[in-house]
Each structure stands twice: as C-alpha cells, then as structure tokens.
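upload13.cif (mmCIF, N, CA and C atoms)
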data_work
#
loop_
_atom_site.label_atom_id
_atom_site.label_comp_id
_atom_site.auth_asym_id
_atom_site.auth_seq_id
_atom_site.Cartn_x
_atom_site.Cartn_y
_atom_site.Cartn_z
N MET V 8 203.11 215.69 68.90
CA MET V 8 202.40 215.26 67.71
C MET V 8 202.85 216.11 66.52
N ARG V 9 203.19 215.47 65.45
CA ARG V 9 203.61 216.18 64.24
C ARG V 9 202.38 216.65 63.48
N ARG V 10 202.40 217.89 63.07
CA ARG V 10 201.26 218.46 62.37
C ARG V 10 201.33 218.17 60.88
N SER V 11 200.19 217.80 60.33
CA SER V 11 200.08 217.58 58.89
C SER V 11 199.37 218.79 58.28
N ALA V 12 199.15 218.77 56.99
CA ALA V 12 198.46 219.88 56.33
C ALA V 12 197.05 220.04 56.87
N GLU V 13 196.42 218.93 57.27
CA GLU V 13 195.04 218.99 57.76
C GLU V 13 194.92 219.61 59.15
N ASN V 14 195.90 219.38 60.01
CA ASN V 14 195.78 219.89 61.38
C ASN V 14 196.79 220.99 61.70
N LYS V 15 197.33 221.60 60.68
CA LYS V 15 198.29 222.69 60.87
C LYS V 15 197.57 223.91 61.46
N LEU V 16 198.21 224.55 62.43
CA LEU V 16 197.63 225.74 63.02
C LEU V 16 197.57 226.87 62.00
N ARG V 17 196.56 227.69 62.07
CA ARG V 17 196.37 228.80 61.15
C ARG V 17 196.72 230.12 61.86
N VAL V 18 197.13 231.09 61.08
CA VAL V 18 197.43 232.42 61.61
C VAL V 18 196.20 233.29 61.40
N VAL V 19 195.81 234.01 62.47
CA VAL V 19 194.68 234.93 62.41
C VAL V 19 195.17 236.27 62.95
N ALA V 20 194.91 237.33 62.22
CA ALA V 20 195.30 238.67 62.68
C ALA V 20 194.10 239.35 63.32
N VAL V 21 194.31 239.94 64.47
CA VAL V 21 193.24 240.68 65.16
C VAL V 21 193.78 242.02 65.63
N ARG V 22 192.89 242.97 65.71
CA ARG V 22 193.25 244.28 66.28
C ARG V 22 192.70 244.34 67.68
N ILE V 23 193.57 244.73 68.62
CA ILE V 23 193.13 244.83 70.01
C ILE V 23 193.53 246.18 70.58
N ASP V 24 192.83 246.56 71.60
CA ASP V 24 193.10 247.81 72.31
C ASP V 24 194.53 247.77 72.85
N PRO V 25 195.25 248.88 72.78
CA PRO V 25 196.63 248.90 73.29
C PRO V 25 196.75 248.50 74.76
N VAL V 26 195.75 248.81 75.56
CA VAL V 26 195.80 248.44 76.98
C VAL V 26 195.73 246.92 77.13
N ILE V 27 194.89 246.29 76.33
CA ILE V 27 194.79 244.83 76.37
C ILE V 27 196.09 244.20 75.89
N GLU V 28 196.67 244.76 74.84
CA GLU V 28 197.94 244.24 74.32
C GLU V 28 199.03 244.36 75.38
N GLN V 29 199.04 245.46 76.11
CA GLN V 29 200.04 245.65 77.16
C GLN V 29 199.83 244.63 78.28
N ARG V 30 198.57 244.38 78.65
CA ARG V 30 198.29 243.38 79.69
C ARG V 30 198.74 241.99 79.23
N LEU V 31 198.50 241.69 77.96
CA LEU V 31 198.92 240.41 77.40
C LEU V 31 200.44 240.30 77.43
N ARG V 32 201.12 241.37 77.07
CA ARG V 32 202.58 241.37 77.09
C ARG V 32 203.12 241.16 78.50
N VAL V 33 202.52 241.81 79.49
CA VAL V 33 202.95 241.64 80.88
C VAL V 33 202.75 240.19 81.32
N LEU V 34 201.60 239.61 80.96
CA LEU V 34 201.31 238.22 81.30
C LEU V 34 202.35 237.29 80.68
N ALA V 35 202.66 237.53 79.42
CA ALA V 35 203.64 236.69 78.73
C ALA V 35 205.02 236.84 79.36
N GLU V 36 205.44 238.06 79.61
CA GLU V 36 206.78 238.27 80.18
C GLU V 36 206.88 237.72 81.59
N ALA V 37 205.82 237.87 82.39
CA ALA V 37 205.85 237.41 83.78
C ALA V 37 205.89 235.89 83.88
N THR V 38 205.34 235.21 82.88
CA THR V 38 205.27 233.75 82.93
C THR V 38 206.30 233.05 82.05
N GLY V 39 206.96 233.81 81.19
CA GLY V 39 207.92 233.21 80.27
C GLY V 39 207.28 232.50 79.10
N ARG V 40 206.01 232.70 78.90
CA ARG V 40 205.30 232.10 77.76
C ARG V 40 205.11 233.14 76.68
N LYS V 41 204.76 232.68 75.48
CA LYS V 41 204.53 233.60 74.37
C LYS V 41 203.10 234.16 74.45
N GLN V 42 202.93 235.36 73.88
CA GLN V 42 201.60 235.95 73.82
C GLN V 42 200.64 235.04 73.08
N SER V 43 201.12 234.40 72.03
CA SER V 43 200.26 233.52 71.24
C SER V 43 199.72 232.35 72.06
N PHE V 44 200.49 231.88 73.04
CA PHE V 44 200.02 230.81 73.91
C PHE V 44 198.75 231.24 74.63
N PHE V 45 198.80 232.44 75.21
CA PHE V 45 197.64 232.93 75.97
C PHE V 45 196.46 233.26 75.06
N LEU V 46 196.75 233.83 73.89
CA LEU V 46 195.67 234.11 72.95
C LEU V 46 194.98 232.83 72.50
N GLN V 47 195.75 231.81 72.19
CA GLN V 47 195.17 230.54 71.77
C GLN V 47 194.32 229.94 72.89
N ARG V 48 194.82 229.98 74.11
CA ARG V 48 194.04 229.46 75.25
C ARG V 48 192.75 230.23 75.44
N MET V 49 192.81 231.56 75.34
CA MET V 49 191.59 232.38 75.51
C MET V 49 190.56 232.04 74.44
N ILE V 50 191.02 231.88 73.21
CA ILE V 50 190.10 231.56 72.12
C ILE V 50 189.50 230.17 72.32
N GLU V 51 190.34 229.19 72.60
CA GLU V 51 189.84 227.82 72.79
C GLU V 51 188.86 227.72 73.95
N GLU V 52 189.14 228.45 75.03
CA GLU V 52 188.28 228.37 76.21
C GLU V 52 187.03 229.24 76.09
N GLY V 53 187.02 230.20 75.16
CA GLY V 53 185.89 231.12 75.07
C GLY V 53 185.03 230.98 73.83
N ILE V 54 185.44 230.17 72.86
CA ILE V 54 184.71 230.13 71.60
C ILE V 54 183.31 229.54 71.76
N GLU V 55 183.15 228.54 72.62
CA GLU V 55 181.82 227.95 72.79
C GLU V 55 180.83 228.98 73.32
N ALA V 56 181.25 229.79 74.27
CA ALA V 56 180.36 230.82 74.80
C ALA V 56 180.00 231.84 73.73
N MET V 57 180.97 232.21 72.90
CA MET V 57 180.70 233.17 71.83
C MET V 57 179.77 232.57 70.79
N GLU V 58 179.96 231.30 70.46
CA GLU V 58 179.08 230.64 69.49
C GLU V 58 177.64 230.63 70.00
N GLU V 59 177.46 230.34 71.28
CA GLU V 59 176.12 230.30 71.84
C GLU V 59 175.44 231.66 71.80
N ILE V 60 176.20 232.73 71.91
CA ILE V 60 175.64 234.08 71.87
C ILE V 60 175.37 234.52 70.44
N TRP V 61 176.29 234.29 69.54
CA TRP V 61 176.25 234.90 68.21
C TRP V 61 175.66 234.04 67.10
N LEU V 62 175.60 232.72 67.27
CA LEU V 62 175.10 231.87 66.19
C LEU V 62 173.64 231.48 66.42
N SER V 63 172.92 231.30 65.33
CA SER V 63 171.56 230.81 65.43
C SER V 63 171.60 229.38 65.96
N PRO V 64 170.51 228.90 66.55
CA PRO V 64 170.51 227.52 67.04
C PRO V 64 170.81 226.50 65.94
N GLN V 65 170.32 226.75 64.72
CA GLN V 65 170.56 225.83 63.62
C GLN V 65 172.05 225.80 63.24
N THR V 66 172.65 226.97 63.13
CA THR V 66 174.07 227.05 62.79
C THR V 66 174.91 226.46 63.91
N LEU V 67 174.56 226.74 65.15
CA LEU V 67 175.29 226.20 66.30
C LEU V 67 175.26 224.68 66.29
N ALA V 68 174.09 224.10 66.01
CA ALA V 68 173.98 222.64 65.96
C ALA V 68 174.87 222.06 64.88
N LYS V 69 174.91 222.71 63.72
CA LYS V 69 175.77 222.22 62.63
C LYS V 69 177.24 222.28 63.03
N VAL V 70 177.65 223.38 63.63
CA VAL V 70 179.05 223.53 64.05
C VAL V 70 179.41 222.47 65.08
N ARG V 71 178.54 222.28 66.06
CA ARG V 71 178.82 221.31 67.12
C ARG V 71 178.81 219.87 66.60
N ASN V 72 178.11 219.63 65.48
CA ASN V 72 178.10 218.29 64.88
C ASN V 72 179.25 218.09 63.91
N GLY V 73 180.12 219.09 63.76
CA GLY V 73 181.27 218.96 62.89
C GLY V 73 181.01 219.34 61.45
N ASP V 74 179.92 220.04 61.19
CA ASP V 74 179.57 220.44 59.82
C ASP V 74 180.19 221.78 59.42
N LEU V 75 181.15 222.27 60.16
CA LEU V 75 181.72 223.59 59.90
C LEU V 75 182.34 223.74 58.52
N PRO V 76 183.14 222.81 58.01
CA PRO V 76 183.71 223.01 56.67
C PRO V 76 182.65 223.22 55.60
N GLU V 77 181.57 222.44 55.62
CA GLU V 77 180.51 222.61 54.64
C GLU V 77 179.86 223.98 54.80
N LEU V 78 179.70 224.42 56.01
CA LEU V 78 179.08 225.71 56.29
C LEU V 78 179.92 226.83 55.70
N LEU V 79 181.24 226.75 55.87
CA LEU V 79 182.12 227.79 55.34
C LEU V 79 182.17 227.77 53.82
N ASP V 80 182.15 226.57 53.23
CA ASP V 80 182.19 226.47 51.77
C ASP V 80 180.93 227.04 51.14
N ALA V 81 179.83 227.05 51.87
CA ALA V 81 178.56 227.53 51.33
C ALA V 81 178.57 229.04 51.13
N ARG V 82 179.44 229.74 51.81
CA ARG V 82 179.51 231.19 51.67
C ARG V 82 180.42 231.56 50.52
N SER V 83 179.97 232.51 49.71
CA SER V 83 180.79 232.91 48.57
C SER V 83 181.95 233.80 49.00
N ALA V 84 181.75 234.59 50.04
CA ALA V 84 182.81 235.48 50.52
C ALA V 84 182.72 235.58 52.03
N THR V 85 183.86 235.73 52.66
CA THR V 85 183.91 235.89 54.10
C THR V 85 183.93 237.37 54.43
N SER V 86 183.13 237.77 55.41
CA SER V 86 183.09 239.17 55.81
C SER V 86 184.42 239.58 56.43
N ASP V 87 184.75 240.84 56.30
CA ASP V 87 185.93 241.38 56.95
C ASP V 87 185.56 241.65 58.39
N LEU V 88 186.04 240.80 59.29
CA LEU V 88 185.67 240.92 60.69
C LEU V 88 186.19 242.21 61.31
N PHE V 89 187.21 242.82 60.70
CA PHE V 89 187.72 244.06 61.23
C PHE V 89 186.73 245.19 61.03
N ASP V 90 185.84 245.06 60.05
CA ASP V 90 184.85 246.09 59.78
C ASP V 90 183.54 245.85 60.50
N LEU V 91 183.39 244.72 61.20
CA LEU V 91 182.16 244.42 61.91
C LEU V 91 182.11 245.25 63.18
N ASP V 92 181.27 246.24 63.19
CA ASP V 92 181.11 247.12 64.34
C ASP V 92 180.19 246.44 65.34
N VAL V 93 180.49 246.56 66.62
CA VAL V 93 179.69 245.93 67.65
C VAL V 93 178.25 246.40 67.57
N THR V 94 178.03 247.68 67.29
CA THR V 94 176.66 248.17 67.21
C THR V 94 175.94 247.55 66.02
N ASP V 95 176.65 247.28 64.92
CA ASP V 95 176.05 246.60 63.78
C ASP V 95 175.64 245.19 64.18
N ALA V 96 176.50 244.52 64.91
CA ALA V 96 176.21 243.16 65.35
C ALA V 96 175.03 243.15 66.30
N ASP V 97 174.98 244.10 67.24
CA ASP V 97 173.87 244.17 68.18
C ASP V 97 172.56 244.41 67.47
N SER V 98 172.54 245.28 66.46
CA SER V 98 171.31 245.54 65.73
C SER V 98 170.90 244.32 64.92
N SER V 99 171.87 243.57 64.41
CA SER V 99 171.56 242.35 63.68
C SER V 99 170.87 241.34 64.59
N ILE V 100 171.38 241.20 65.80
CA ILE V 100 170.79 240.27 66.76
C ILE V 100 169.38 240.71 67.11
N ALA V 101 169.18 242.01 67.33
CA ALA V 101 167.86 242.53 67.66
C ALA V 101 166.87 242.27 66.55
N GLU V 102 167.35 242.25 65.30
CA GLU V 102 166.48 242.00 64.15
C GLU V 102 166.29 240.51 63.89
N GLY V 103 166.90 239.65 64.72
CA GLY V 103 166.73 238.22 64.56
C GLY V 103 167.68 237.58 63.57
N ARG V 104 168.84 238.23 63.30
CA ARG V 104 169.83 237.68 62.39
C ARG V 104 171.13 237.48 63.11
N ASP V 105 171.93 236.53 62.60
CA ASP V 105 173.31 236.40 63.07
C ASP V 105 174.03 237.69 62.68
N PRO V 106 175.06 238.11 63.40
CA PRO V 106 175.83 239.28 63.01
C PRO V 106 176.44 239.14 61.62
N MET V 107 176.62 237.90 61.16
CA MET V 107 177.20 237.67 59.85
C MET V 107 176.14 237.54 58.77
N GLY V 108 174.86 237.81 59.13
CA GLY V 108 173.80 237.85 58.13
C GLY V 108 172.94 236.62 57.99
N VAL V 109 173.11 235.61 58.84
CA VAL V 109 172.29 234.41 58.75
C VAL V 109 170.99 234.66 59.52
N GLN V 110 169.85 234.31 58.91
CA GLN V 110 168.56 234.55 59.54
C GLN V 110 168.40 233.69 60.79
N ARG V 111 167.93 234.30 61.88
CA ARG V 111 167.72 233.60 63.14
C ARG V 111 166.24 233.52 63.43
N SER V 112 165.84 232.53 64.20
CA SER V 112 164.45 232.47 64.65
C SER V 112 164.38 233.21 65.97
N VAL V 113 163.38 234.09 66.10
CA VAL V 113 163.27 234.91 67.31
C VAL V 113 162.10 234.46 68.14
#
Using structure tokens, write down the structure from this file.
Amino acid sequence: MRRSAENKLRVVAVRIDPVIEQRLRVLAEATGRKQSFFLQRMIEEGIEAMEEIWLSPQTLAKVRNGDLPELLDARSATSDLFDLDVTDADSSIAEGRDPMGVQRSV
C-alpha cells in the first residue's frame, strides 16, 4: 500500500535503558529484522493496555471512537514525555488525574 500524507508513518524519539536497547539489538540481529519493526509491533500490541491504565474512562471512550485528532487539537501544548517521571504519573493517578493532567473520576 502506498502511503499518502494522511497515513504516513511518524517518527517518535524515545529514551530507553541501555540493557533494553541491547536486547532489542540482539533480537533484530538474530532475526534479520530492523529494531524499528519490533518497536512498532510492541507499541501497536501494547497501546490499548496502556490507554486503559493511564486514560480516564471519558478520554478512553473518545480515543476508541476515533475522536483522537480533536482531543489533541484541544490542547495548547504537548507535554514533554521525556520529563514525565513515573513517580509524578503515579501521584497523578492517586489524585484522580490522568498523568497528563486530565481530571479523572475516582
């Protein structure tokens, strides 16, 4: 399938632990596939579970109904995910908020 501007894959930069990167490299070299292949598969297969954990039920319903573009446009700025500390996210959840600051019902 030829990709158009609408369905073109996007580049996302992430920081990972060196041990995980080494495991990913071994997996790629052992199978002859690219690291990006495995990263894309992991993300595609794991995003639903992450959404269920981290998003409020209202936000999750919107995303699952295909309302994601409107949701993203509603935010004036996107948080720097590299600065999101896990402990910050955990405390946000405990306070009844999404880690990204959206109010959750508890």
Given the file shown, enumerate the residues that the PyMOL selection byres (((chain V and resi 40-47 and name CA) around 12) and name CA) captures and present them as a ChimeraX atom specification.
-> /V:16-21,23,27-39,48-54
Compile the contact shell of Arg71 (chain V) as a PyMOL selection string: residues with an atom at most 12 Å away, counting only C-alpha atoms, same-chain residues fewer than 4 positions apart removed.
-> chain V and resi 54-55+58-59+62+64-67+75-76+78
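Here atom C of Lys69 (chain V) and CA of Ala56 (chain V) stand 14.9 Å from one another.
CA of Ser63 (chain V) lies 27.4 Å from CA of Glu13 (chain V).
Going from atom C of Asp74 (chain V) to atom N of Arg22 (chain V) covers 25.5 Å.
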